[in-house]
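Novice: Dropping a structure here in structure tokens format, bear with me for questions.
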Amino acid sequence: MVTLEEIKKSLLTSLWFMFLTFPIMVIRVNTVQNEIEWRWMNMLLVGVAGFILSFFWRNLFRQKKERAEDQSVKAEKSVIFQKIYKDRKYYFPAAAILCFFVAGFPFLFSLYQTNIMITALIYVMLGLGLNIVVGLAGLLDLGYVAFYAVGAYSYALLNYHLGIGFWIALPLGGLLSALFGILLGYPVLRLRGDYLAIVTLGFGEIIRLILENWNEFSFGPSGIANIPRPGFFGIEMSLAGHTIYLYYLMILLVLFTIFVVNRLQNSRIGRAWIALREDEIACQAMGIDKAKTKLTAFALGATWAGMGGVIFAAKTTFINPASFTIWESIIILCIVVLGGMGSILGVISGAMILILLPEYLRAFSEYRMLIFGVVLVVMMIFRPGGMVPDIRRAYKYKGKEAH
């Protein structure tokens, strides 16, 4: 039954949306003719759309939302995913189709599409690394881009000064980033929540400012160019060959990352991270070393960021501090939150959506951030656990059978 109160609330919601989007949707500055264009029709469209969506949500999705809140996280899995997970007659065909598609992607699509996919796979690695810190250990890290920058500059500077190649720089970049993760972890061992986020945010900005202003060390805003691409036993490759080779290399690294993160998640240290996330005091009372657990999370999370930075430097062959701003940290964090904190499949899905969709929606570039914000708000309302929420495992001890 539609009530007057619901209509009033929907009308207020539409007015609020019109107020928030007024500077973006209505005002347009023409810098060529030095004029201001007033696009009132856009404001009307936003108001009507806001009213319809609010009214639609209040009346049709209210009961669904109430039912969803009462269900367990396990019940939130879709029927399709359950069939693929449990039924082998769905699992093997789906896995075979996915493998053929992944293997043939560079030959089915253009070089440009392959480059975009490589970028998406890099963000999958970064998202899985941050998932250790945020999703499993529950430590809000807003300076994750700092470890990404350390890995990229490690490869660039080691190659520039010492001539070190990609394959040696890849583990070295991960180790150096892990060292920086430990250096960040020590001062913030006693911090939680917003305070931890502020300190990590400051750490990320400190690293970026050092790289931007220490010209003798990092070449400042000019950056470092002519970074070599990864080689394959000294074989000469064209630009297309390098791109295809890097794509398959990224597939292997992502599979390796998934394997390691999955094993860590189900290990003793993984259960310690989850206990730390749920209740820090109870975790410490159970005998878990809180300091060691936090430092391990920071170090391992930073390792994957460092390796991702090395690959990014090898892909672009040029880096400068402008590539490692706070927005990179926010995008990686959004990948984890949107996909599902603690969920490997969720992080992969979130990375693919947030990195690939903006490239394919360039026609809506003016409203891209607005659409992005609306999607996040809708996700927080309808699926606060993310697209593919993590399922908590239950460990049962059956004991020995009595003879």
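A note on labels: chains of the structure tokens are A, B, ... as shown, every chain counts residues from 1, and ligands are counted from 1 in their shown order.
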Sorted by chain and rising residue number, list the residues of region 167-282 of chain A at most 10 Å from region 286-301 of chain A (counting only C-alpha atoms), each with its closest atom pair and distance in Å to one decimal, as a tab-separated table.
Specialist:
```
residue	atom	partner	partner_atom	distance
A:Gly174	CA	A:Leu300	CA	8.9
A:Leu175	CA	A:Ala299	CA	8.7
A:Leu176	CA	A:Ala299	CA	9.7
A:Ser177	CA	A:Ala299	CA	7.5
A:Ala178	CA	A:Ala299	CA	4.3
A:Leu179	CA	A:Ala299	CA	6.7
A:Phe180	CA	A:Ala299	CA	7.6
A:Gly181	CA	A:Ala299	CA	4.7
A:Ile182	CA	A:Ala299	CA	5.5
A:Leu183	CA	A:Leu295	CA	8.9
A:Leu184	CA	A:Phe298	CA	7.9
A:Gly185	CA	A:Leu295	CA	5.5
A:Tyr186	CA	A:Leu295	CA	7.2
A:Val188	CA	A:Lys294	CA	9.3
A:Leu189	CA	A:Ala291	CA	6.2
A:Arg190	CA	A:Ala291	CA	8.7
A:Val261	CA	A:Leu300	CA	9.5
A:Leu264	CA	A:Leu300	CA	9.8
A:Ile269	CA	A:Thr293	CA	7.2
A:Gly270	CA	A:Ala297	CA	9.2
A:Ala272	CA	A:Ile288	CA	7.0
A:Trp273	CA	A:Thr293	CA	6.6
A:Ala275	CA	A:Ile288	CA	9.0
A:Leu276	CA	A:Lys290	CA	7.5
A:Glu280	CA	A:Lys290	CA	7.8
A:Ile281	CA	A:Met286	CA	8.7
A:Ala282	CA	A:Met286	CA	6.2
```
Novice: I want to know what sits within 10 Å of Ala240 (chain A), based on only C-alpha atoms, with residues of the same chain fewer than 2 positions away left out; could you give that as a PyMOL selection string?
Specialist: chain A and resi 106+110-112+114-115+237-238+242-246
Novice: Identify, on the basis of only C-alpha atoms, every residue whose closest approach to Ser222 (chain A) does not exceed 9 Å; exclude the query and any residue fewer than 5 positions from it along the same chain; express the result as a PyMOL selection string.
Specialist: chain A and resi 212+215+319-321
Novice: Counting only C-alpha atoms, figure out which residue out of A:Phe318, A:Tyr148, A:Phe232, A:Tyr155 gets nearest to Tyr123 (chain A).
Specialist: A:Tyr148
Novice: So which residues of region 178-257 of chain A fall under alpha helix (DSSP H) by DSSP, listed as a VMD selection string?
Specialist: chain A and resid 178 to 185 193 to 213 215 to 218 239 to 257
Novice: CA of Leu53 (chain A) and CA of Ala351 (chain A), how far apart in Å?
Specialist: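 The value is 26.8 Å.
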Novice: Could you build a table of the residues in region 99-180 of chain A lying no more than 7 Å from region 341-346 of chain A, giving for each the nearest pair of atoms and their separation in Å rounded to one decimal place, using only C-alpha atoms, ordered by chain and ascending residue number, as JSON lines?
Specialist:
```
{"residue": "A:Leu128", "atom": "CA", "partner": "A:Ile344", "partner_atom": "CA", "distance": 6.8}
{"residue": "A:Asn131", "atom": "CA", "partner": "A:Gly342", "partner_atom": "CA", "distance": 6.0}
{"residue": "A:Gly135", "atom": "CA", "partner": "A:Gly342", "partner_atom": "CA", "distance": 4.2}
{"residue": "A:Leu136", "atom": "CA", "partner": "A:Gly342", "partner_atom": "CA", "distance": 5.3}
```
Novice: Tell me which protein, DNA and RNA residues are within 8 Å of Val150 (chain A), counting only C-alpha atoms, leaving out same-chain ones fewer than 2 positions away, and put them as a PDB file with C-alpha atoms, in the first residue's frame.
Specialist:
```pdb
ATOM      1  CA  ALA A 146      53.336   3.174  -0.946  1.00  0.00           C
ATOM      2  CA  PHE A 147      54.378  -0.492  -1.219  1.00  0.00           C
ATOM      3  CA  TYR A 148      53.270  -0.476  -4.872  1.00  0.00           C
ATOM      4  CA  ALA A 152      58.124  -0.102  -9.065  1.00  0.00           C
ATOM      5  CA  TYR A 153      61.030   2.159  -8.056  1.00  0.00           C
ATOM      6  CA  SER A 154      63.027  -0.840  -6.822  1.00  0.00           C
ATOM      7  CA  GLY A 173      60.887  -5.711  -5.076  1.00  0.00           C
ATOM      8  CA  LEU A 176      61.893  -4.543  -0.099  1.00  0.00           C
ATOM      9  CA  SER A 177      58.163  -3.852   0.078  1.00  0.00           C
ATOM     10  CA  GLY A 306      55.869  -4.774  -4.397  1.00  0.00           C
ATOM     11  CA  GLY A 309      54.839  -2.517  -8.758  1.00  0.00           C
TER      12      GLY A 309
END
```
Novice: Which is closest to Ile251 (chain A) among A:Phe17, A:Tyr144, A:Phe105, A:Trp40, if we use only C-alpha atoms?
Specialist: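 Closest residue, counting only C-alpha atoms: A:Phe105.
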